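The next block holds one structure in the form of structure tokens; read it before the comments.
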Amino acid sequence: MAIDLIIGLQWGDEGKGKIVDILAPKYKIITRFNGGPNAGHTILFDGKKFVLHVVPSGIHRTSCMNYIGNGVVLNPVLLCEEIKNLEQAGINVKEHLFISNKAHIIIPTHCAIDKASEESKGSKKIGSTNKGIGPTYKDKVGRDGLRMVDVFSDSFKEKYQNLKGYHMEILQDLYKEHFEIASIVDEEEKFFEAIEILKTYKICDTVELINKEISKGSNILAEGAQGSMLDIDHGTYPFVTSSSVIAGGVCTGLGVSPKSINKIYGAFKAYVTRVGSGPFPTELFDETGETMRKIGNEFGSTTGRPRRCGWLDLIALKYTCTMSGVTDLVILKSDVLDAFDKIEVCVGYLDENNKKLDWPPIDMSLVKPIYKSFDGWKTDTTKIRKFEDLPKKMIEYLDFISNFIDIPISFISIGPDREQTIVV
């Protein structure tokens, strides 16, 4: 066997964690390959809710090993908090989690720079989570970063102080009005305590481990963070994340060959949401958008911020499917549309000259959506478990999406619980 992959196809928050949890029993290994604690993968089962930020979503399955790959950036304090919450719930994290020794470390001043930089932008904020993700990736690319392997070095604290000193110069020169030294000092003590805790876990060369598992024919599922429209290269730049979100990111984020990738599951909501700033052609500013937000509980699992809501955008969806070679579609939160009399779907754009587009332009803020209308099904679908039992109008809606994208829908989520999933 090879690596199967699940990625988000919109602006994140598609519900990937739930699908990973459902798929997990088929796999020996679940792995994260990008992003950091800016992700929030929510899983609900047995009446309990878990929000995972860095730990792979297979951690709740005792049959799975979970790898945090080299492409992920780690905040030791937040990772320890996440591990503690899982262990208090009776999950044996130490036995089932492997952390890449090449993964880069977020230190307190990374977060300070992130927050100060965002605040200094005023009305031009990009919507950062202020988790230090961007500054950490900057140091990685600039060859100034700290990696997990460094925590075992006798010179780790010296390396830390050098990086901190470099950051303090940036903060004092560029952002002196937007940060407090006291907050950094407070976080520093927690940081080093967390480092000592993490040293007792399995920090190792996950690239070697995963490639040996591939050669043995093990089943592996790679879990992407964020959504493809936030990809650093192919998203709505500069309102993007700092890592490669599309399928190609799994190769660099895990250290595996493209030849090892098999199925690529693309997750998307039956509508669209976005957190933070940036273009959003189908965004709704009326009561309909507010109804979506309320029914869908659209508030960030990492930030708590209300998400912007809008109708499904099939042009953007086809774009992200094309870039990643998606083989199977996974539609989530389709039950949120149960309440609507009419449902709109974007099937094209008009540019500033009223020219029709079937591919996203580099500046999506300049386009207007062209909609196709569907009658709503006005039926509670949350208790349905078979595809053929879904309302006819809902099946028509789903068939239209699949035919437009030319990719089959393999899973339909009609509620947050693990059991509220239809396998097509």
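Going through the structure tokens in order, the chains are called A, B, and so on, while each chain numbers its residues from 1 and the ligands are numbered from 1 in the order shown.
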
For this session: Give me the residues within 12 Å of Glu81 (chain A) as a PyMOL selection string, counting only C-alpha atoms and dropping any in the same chain fewer than 4 places off.
Result: chain A and resi 37+51-55+75-77+85-88+190-191+193-194+197-198

Exercise. So which residues of region 74-249 of chain A fall under helix (DSSP H, G or I) by DSSP, listed as a ChimeraX atom specification?
Worked result: /A:76-88,93-96,108-120,122-124,133-141,148-152,156-174,181-198,206-216,228-230,249

Those residues you just picked out, can you put them in a file as an mmCIF file, in the first residue's frame with C-alpha atoms?
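Result saved to selection.cif:
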data_model
loop_
_atom_site.group_PDB
_atom_site.id
_atom_site.type_symbol
_atom_site.label_atom_id
_atom_site.label_comp_id
_atom_site.auth_asym_id
_atom_site.auth_seq_id
_atom_site.Cartn_x
_atom_site.Cartn_y
_atom_site.Cartn_z
ATOM 1 C CA PRO A 76 6.047 23.067 23.005
ATOM 2 C CA VAL A 77 3.700 24.676 25.551
ATOM 3 C CA LEU A 78 0.565 24.182 23.457
ATOM 4 C CA LEU A 79 1.600 20.682 22.419
ATOM 5 C CA CYS A 80 2.065 19.684 26.065
ATOM 6 C CA GLU A 81 -1.359 21.109 26.932
ATOM 7 C CA GLU A 82 -2.887 19.125 24.074
ATOM 8 C CA ILE A 83 -1.141 15.935 25.197
ATOM 9 C CA LYS A 84 -2.201 16.500 28.816
ATOM 10 C CA ASN A 85 -5.867 16.868 27.809
ATOM 11 C CA LEU A 86 -5.706 13.662 25.791
ATOM 12 C CA GLU A 87 -3.993 11.719 28.567
ATOM 13 C CA GLN A 88 -6.553 12.922 31.088
ATOM 14 C CA VAL A 93 -0.266 9.430 23.839
ATOM 15 C CA LYS A 94 3.293 8.454 24.760
ATOM 16 C CA GLU A 95 2.825 5.016 23.203
ATOM 17 C CA HIS A 96 1.133 6.204 20.018
ATOM 18 C CA PRO A 108 7.792 32.810 22.721
ATOM 19 C CA THR A 109 9.286 35.631 20.666
ATOM 20 C CA HIS A 110 7.892 34.095 17.475
ATOM 21 C CA CYS A 111 4.421 34.635 18.927
ATOM 22 C CA ALA A 112 5.329 38.152 20.047
ATOM 23 C CA ILE A 113 6.527 39.073 16.539
ATOM 24 C CA ASP A 114 3.422 37.531 14.982
ATOM 25 C CA LYS A 115 1.077 39.485 17.236
ATOM 26 C CA ALA A 116 3.012 42.758 16.998
ATOM 27 C CA SER A 117 3.291 42.508 13.213
ATOM 28 C CA GLU A 118 -0.447 41.891 12.875
ATOM 29 C CA GLU A 119 -1.352 44.769 15.202
ATOM 30 C CA SER A 120 0.958 47.136 13.330
ATOM 31 C CA GLY A 122 -4.093 48.169 11.477
ATOM 32 C CA SER A 123 -6.967 47.832 9.002
ATOM 33 C CA LYS A 124 -4.747 45.789 6.641
ATOM 34 C CA ILE A 133 3.453 30.234 12.686
ATOM 35 C CA GLY A 134 4.595 32.731 10.057
ATOM 36 C CA PRO A 135 7.694 33.972 11.943
ATOM 37 C CA THR A 136 8.732 30.353 12.623
ATOM 38 C CA TYR A 137 8.508 29.423 8.947
ATOM 39 C CA LYS A 138 10.434 32.620 8.132
ATOM 40 C CA ASP A 139 13.261 31.516 10.413
ATOM 41 C CA LYS A 140 13.120 28.034 8.900
ATOM 42 C CA VAL A 141 13.559 29.408 5.391
ATOM 43 C CA MET A 148 13.290 19.390 17.825
ATOM 44 C CA VAL A 149 16.633 17.623 17.467
ATOM 45 C CA ASP A 150 18.252 20.718 19.028
ATOM 46 C CA VAL A 151 16.537 20.167 22.389
ATOM 47 C CA PHE A 152 18.983 17.320 23.116
ATOM 48 C CA PHE A 156 20.281 24.354 23.064
ATOM 49 C CA LYS A 157 19.839 27.236 25.501
ATOM 50 C CA GLU A 158 22.640 29.157 23.804
ATOM 51 C CA LYS A 159 20.964 28.648 20.413
ATOM 52 C CA TYR A 160 17.685 29.726 21.967
ATOM 53 C CA GLN A 161 19.183 32.915 23.412
ATOM 54 C CA ASN A 162 20.777 33.783 20.060
ATOM 55 C CA LEU A 163 17.440 33.413 18.271
ATOM 56 C CA LYS A 164 15.621 35.291 21.014
ATOM 57 C CA GLY A 165 18.180 38.113 20.790
ATOM 58 C CA TYR A 166 17.636 38.374 17.051
ATOM 59 C CA HIS A 167 13.885 38.539 17.626
ATOM 60 C CA MET A 168 14.202 41.181 20.340
ATOM 61 C CA GLU A 169 16.064 43.423 17.932
ATOM 62 C CA ILE A 170 13.189 43.065 15.451
ATOM 63 C CA LEU A 171 10.599 43.752 18.137
ATOM 64 C CA GLN A 172 12.376 46.800 19.524
ATOM 65 C CA ASP A 173 13.291 48.254 16.125
ATOM 66 C CA LEU A 174 10.031 47.636 14.260
ATOM 67 C CA ILE A 181 8.741 42.172 27.429
ATOM 68 C CA ALA A 182 6.984 40.891 30.549
ATOM 69 C CA SER A 183 4.707 38.627 28.504
ATOM 70 C CA ILE A 184 7.733 37.026 26.824
ATOM 71 C CA VAL A 185 9.454 36.399 30.168
ATOM 72 C CA ASP A 186 6.293 34.749 31.543
ATOM 73 C CA GLU A 187 6.056 32.409 28.566
ATOM 74 C CA GLU A 188 9.760 31.530 28.685
ATOM 75 C CA GLU A 189 9.505 29.571 31.949
ATOM 76 C CA LYS A 190 6.582 27.527 30.571
ATOM 77 C CA PHE A 191 8.519 26.994 27.343
ATOM 78 C CA PHE A 192 11.512 25.328 28.981
ATOM 79 C CA GLU A 193 9.289 23.225 31.248
ATOM 80 C CA ALA A 194 7.448 21.981 28.157
ATOM 81 C CA ILE A 195 10.726 21.186 26.401
ATOM 82 C CA GLU A 196 11.736 18.898 29.269
ATOM 83 C CA ILE A 197 8.380 17.119 29.121
ATOM 84 C CA LEU A 198 8.568 16.605 25.360
ATOM 85 C CA THR A 206 10.003 10.154 11.134
ATOM 86 C CA VAL A 207 11.234 10.315 7.524
ATOM 87 C CA GLU A 208 13.112 7.059 8.043
ATOM 88 C CA LEU A 209 10.192 5.483 9.907
ATOM 89 C CA ILE A 210 7.541 6.384 7.363
ATOM 90 C CA ASN A 211 9.591 5.281 4.358
ATOM 91 C CA LYS A 212 10.297 1.926 6.005
ATOM 92 C CA GLU A 213 6.564 1.546 6.622
ATOM 93 C CA ILE A 214 5.862 2.372 2.967
ATOM 94 C CA SER A 215 8.335 -0.299 1.861
ATOM 95 C CA LYS A 216 6.583 -2.810 4.154
ATOM 96 C CA SER A 228 -6.070 24.782 -0.248
ATOM 97 C CA MET A 229 -7.260 28.360 -0.812
ATOM 98 C CA LEU A 230 -4.847 29.299 1.997
ATOM 99 C CA GLY A 249 3.028 19.518 0.409
#

Exercise. Residues at most 6 Å from region 338-354 of chain A, counting only C-alpha atoms, excluding those fewer than 2 positions away in the same chain, as number ranges by chain?
Worked result: A: 311-314, 335-336, 356-358, 367-376, 378-379

Exercise. Which residues come within 6 Å of region 255-270 of chain A, counting only C-alpha atoms, excluding same-chain residues fewer than 6 positions away, as a PyMOL selection string?
Worked result: chain A and resi 2-9+14+207+326-334

Could you dump the residues just selected with C-alpha atoms as a JSON list (two decimals), in the first residue's frame?
[["chain", "number", "residue", "atom", "x", "y", "z"],
["A", 2, "ALA", "CA", 0.93, 3.67, -0.17],
["A", 3, "ILE", "CA", -0.08, 6.98, 1.39],
["A", 4, "ASP", "CA", -3.66, 8.20, 1.20],
["A", 5, "LEU", "CA", -4.14, 11.89, 1.82],
["A", 6, "ILE", "CA", -6.95, 14.10, 3.05],
["A", 7, "ILE", "CA", -6.78, 17.82, 2.42],
["A", 8, "GLY", "CA", -9.10, 20.80, 2.79],
["A", 9, "LEU", "CA", -10.34, 22.31, -0.46],
["A", 14, "GLU", "CA", -13.89, 21.94, 6.38],
["A", 207, "VAL", "CA", 11.23, 10.31, 7.52],
["A", 326, "VAL", "CA", -8.28, 14.83, -5.86],
["A", 327, "THR", "CA", -9.72, 11.33, -6.39],
["A", 328, "ASP", "CA", -12.59, 11.38, -3.88],
["A", 329, "LEU", "CA", -14.77, 14.23, -2.60],
["A", 330, "VAL", "CA", -15.93, 14.46, 1.01],
["A", 331, "ILE", "CA", -18.80, 16.87, 1.67],
["A", 332, "LEU", "CA", -19.36, 18.03, 5.24],
["A", 333, "LYS", "CA", -22.02, 20.01, 7.09],
["A", 334, "SER", "CA", -24.58, 19.35, 4.37]]

For this session: Find the residues near Arg293 (chain A): any atom within 12 Å, counting only C-alpha atoms, skip ones fewer than 4 places away on the same chain, and give them as JSON, numbers by chain.
Result: {"A": [271, 272, 273, 274, 275, 283, 284, 285, 286, 287, 288, 289, 297, 298, 299, 300, 305, 306, 307, 308, 309, 310, 311, 333, 336, 337]}

Export of prior selection with N, CA and C atoms as a PDB file, in the first residue's frame:
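Result file result-v2.pdb:
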ATOM      1  N   TYR A 271     -21.268  24.565   1.991  1.00  0.00           N
ATOM      2  CA  TYR A 271     -21.227  26.011   1.769  1.00  0.00           C
ATOM      3  C   TYR A 271     -19.775  26.406   1.985  1.00  0.00           C
ATOM      4  N   VAL A 272     -19.476  27.656   2.189  1.00  0.00           N
ATOM      5  CA  VAL A 272     -18.082  28.080   2.355  1.00  0.00           C
ATOM      6  C   VAL A 272     -17.955  28.983   3.571  1.00  0.00           C
ATOM      7  N   THR A 273     -16.845  28.831   4.302  1.00  0.00           N
ATOM      8  CA  THR A 273     -16.541  29.751   5.391  1.00  0.00           C
ATOM      9  C   THR A 273     -15.093  30.225   5.278  1.00  0.00           C
ATOM     10  N   ARG A 274     -14.844  31.322   5.920  1.00  0.00           N
ATOM     11  CA  ARG A 274     -13.473  31.846   5.970  1.00  0.00           C
ATOM     12  C   ARG A 274     -13.298  32.612   7.270  1.00  0.00           C
ATOM     13  N   VAL A 275     -12.133  32.459   7.896  1.00  0.00           N
ATOM     14  CA  VAL A 275     -11.767  33.225   9.086  1.00  0.00           C
ATOM     15  C   VAL A 275     -10.686  34.235   8.695  1.00  0.00           C
ATOM     16  N   GLU A 283     -19.353  35.429  -0.320  1.00  0.00           N
ATOM     17  CA  GLU A 283     -19.684  35.782   1.062  1.00  0.00           C
ATOM     18  C   GLU A 283     -21.053  36.440   1.154  1.00  0.00           C
ATOM     19  N   LEU A 284     -21.795  36.072   2.205  1.00  0.00           N
ATOM     20  CA  LEU A 284     -23.118  36.620   2.455  1.00  0.00           C
ATOM     21  C   LEU A 284     -23.068  37.575   3.646  1.00  0.00           C
ATOM     22  N   PHE A 285     -23.647  38.745   3.472  1.00  0.00           N
ATOM     23  CA  PHE A 285     -23.643  39.752   4.527  1.00  0.00           C
ATOM     24  C   PHE A 285     -25.041  39.970   5.099  1.00  0.00           C
ATOM     25  N   ASP A 286     -25.952  39.064   4.754  1.00  0.00           N
ATOM     26  CA  ASP A 286     -27.346  39.239   5.137  1.00  0.00           C
ATOM     27  C   ASP A 286     -27.776  38.207   6.171  1.00  0.00           C
ATOM     28  N   GLU A 287     -29.064  38.095   6.353  1.00  0.00           N
ATOM     29  CA  GLU A 287     -29.618  37.161   7.326  1.00  0.00           C
ATOM     30  C   GLU A 287     -29.302  35.709   6.974  1.00  0.00           C
ATOM     31  N   THR A 288     -29.202  35.410   5.682  1.00  0.00           N
ATOM     32  CA  THR A 288     -28.876  34.050   5.246  1.00  0.00           C
ATOM     33  C   THR A 288     -27.499  33.641   5.767  1.00  0.00           C
ATOM     34  N   GLY A 289     -26.521  34.540   5.623  1.00  0.00           N
ATOM     35  CA  GLY A 289     -25.179  34.262   6.124  1.00  0.00           C
ATOM     36  C   GLY A 289     -25.163  34.083   7.626  1.00  0.00           C
ATOM     37  N   ASN A 297     -22.680  26.630  13.700  1.00  0.00           N
ATOM     38  CA  ASN A 297     -21.775  26.957  14.810  1.00  0.00           C
ATOM     39  C   ASN A 297     -20.409  27.375  14.269  1.00  0.00           C
ATOM     40  N   GLU A 298     -20.444  28.328  13.371  1.00  0.00           N
ATOM     41  CA  GLU A 298     -19.227  28.720  12.660  1.00  0.00           C
ATOM     42  C   GLU A 298     -18.411  29.742  13.442  1.00  0.00           C
ATOM     43  N   PHE A 299     -17.669  29.194  14.391  1.00  0.00           N
ATOM     44  CA  PHE A 299     -16.728  29.978  15.190  1.00  0.00           C
ATOM     45  C   PHE A 299     -15.428  29.188  15.255  1.00  0.00           C
ATOM     46  N   GLY A 300     -14.298  29.848  15.050  1.00  0.00           N
ATOM     47  CA  GLY A 300     -13.017  29.165  14.932  1.00  0.00           C
ATOM     48  C   GLY A 300     -12.693  28.280  16.125  1.00  0.00           C
ATOM     49  N   ARG A 305     -13.057  33.026  16.750  1.00  0.00           N
ATOM     50  CA  ARG A 305     -13.591  34.116  15.942  1.00  0.00           C
ATOM     51  C   ARG A 305     -14.770  33.639  15.090  1.00  0.00           C
ATOM     52  N   PRO A 306     -15.791  34.489  14.902  1.00  0.00           N
ATOM     53  CA  PRO A 306     -16.894  34.126  14.003  1.00  0.00           C
ATOM     54  C   PRO A 306     -16.375  33.984  12.576  1.00  0.00           C
ATOM     55  N   ARG A 307     -16.822  32.938  11.895  1.00  0.00           N
ATOM     56  CA  ARG A 307     -16.395  32.722  10.520  1.00  0.00           C
ATOM     57  C   ARG A 307     -17.316  33.452   9.554  1.00  0.00           C
ATOM     58  N   ARG A 308     -16.759  33.962   8.503  1.00  0.00           N
ATOM     59  CA  ARG A 308     -17.527  34.528   7.408  1.00  0.00           C
ATOM     60  C   ARG A 308     -18.169  33.372   6.637  1.00  0.00           C
ATOM     61  N   CYS A 309     -19.392  33.537   6.191  1.00  0.00           N
ATOM     62  CA  CYS A 309     -20.126  32.444   5.555  1.00  0.00           C
ATOM     63  C   CYS A 309     -20.644  32.849   4.177  1.00  0.00           C
ATOM     64  N   GLY A 310     -20.736  31.872   3.272  1.00  0.00           N
ATOM     65  CA  GLY A 310     -21.253  32.136   1.936  1.00  0.00           C
ATOM     66  C   GLY A 310     -21.630  30.858   1.219  1.00  0.00           C
ATOM     67  N   TRP A 311     -22.219  30.995   0.047  1.00  0.00           N
ATOM     68  CA  TRP A 311     -22.639  29.845  -0.738  1.00  0.00           C
ATOM     69  C   TRP A 311     -21.440  29.091  -1.312  1.00  0.00           C
ATOM     70  N   LYS A 333     -21.045  19.016   6.632  1.00  0.00           N
ATOM     71  CA  LYS A 333     -22.019  20.010   7.085  1.00  0.00           C
ATOM     72  C   LYS A 333     -23.144  20.226   6.079  1.00  0.00           C
ATOM     73  N   VAL A 336     -26.472  21.494   7.459  1.00  0.00           N
ATOM     74  CA  VAL A 336     -26.705  22.913   7.748  1.00  0.00           C
ATOM     75  C   VAL A 336     -27.666  23.515   6.725  1.00  0.00           C
ATOM     76  N   LEU A 337     -27.667  22.959   5.511  1.00  0.00           N
ATOM     77  CA  LEU A 337     -28.541  23.476   4.458  1.00  0.00           C
ATOM     78  C   LEU A 337     -29.964  22.951   4.564  1.00  0.00           C
TER      79      LEU A 337
END

Problem set entry | Residue set, region 170-335 of chain A restricted to strand (DSSP E or B), as an MDAnalysis selection string | chainID A and resid 202:204 220:227 261:269 272:274 283 299 306 308:310 312:313 328:332

For this session: Within 9 Å of Thr241 (chain A), counting only C-alpha atoms, which residues show up once you throw out same-chain ones fewer than 5 positions away? Write them as an NGL selection string, please.
Result: :A and (35 or 128 or 133-134 or 226-227 or 230-232 or 235)

Kindly save the residues from that selection, with C-alpha atoms included, as a short mmCIF file (atom, residue, chain, number, x, y, z; two decimals), in the first residue's frame.
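Output saved as result-v6.cif:
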data_model
loop_
_atom_site.label_atom_id
_atom_site.label_comp_id
_atom_site.auth_asym_id
_atom_site.auth_seq_id
_atom_site.Cartn_x
_atom_site.Cartn_y
_atom_site.Cartn_z
CA GLY A 35 0.93 23.84 9.62
CA SER A 128 -3.24 35.77 11.62
CA ILE A 133 3.45 30.23 12.69
CA GLY A 134 4.60 32.73 10.06
CA GLN A 226 -5.82 24.49 6.76
CA GLY A 227 -7.43 24.66 3.30
CA LEU A 230 -4.85 29.30 2.00
CA ASP A 231 -1.85 27.63 0.33
CA ILE A 232 1.25 29.82 0.49
CA GLY A 235 -4.07 30.60 -2.23
#

Exercise. When you draw a straight line from CA of Thr322 (chain A) to CA of Val245 (chain A), how long is it in Å?
Worked result: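 About the pair CA of Thr322 (chain A) and CA of Val245 (chain A): they are 13.5 Å apart.
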
For this session: Give me the residues within 12 Å of Leu390 (chain A) as number ranges by chain, counting only C-alpha atoms and dropping any in the same chain fewer than 2 places off.
Result: A: 334-335, 338, 377-388, 392-398, 412-414, 422, 424

Problem set entry | Gap from CA of Ala24 (chain A) to CA of Gly58 (chain A) - Å, one decimal |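 These two atoms are separated by 5.7 Å.
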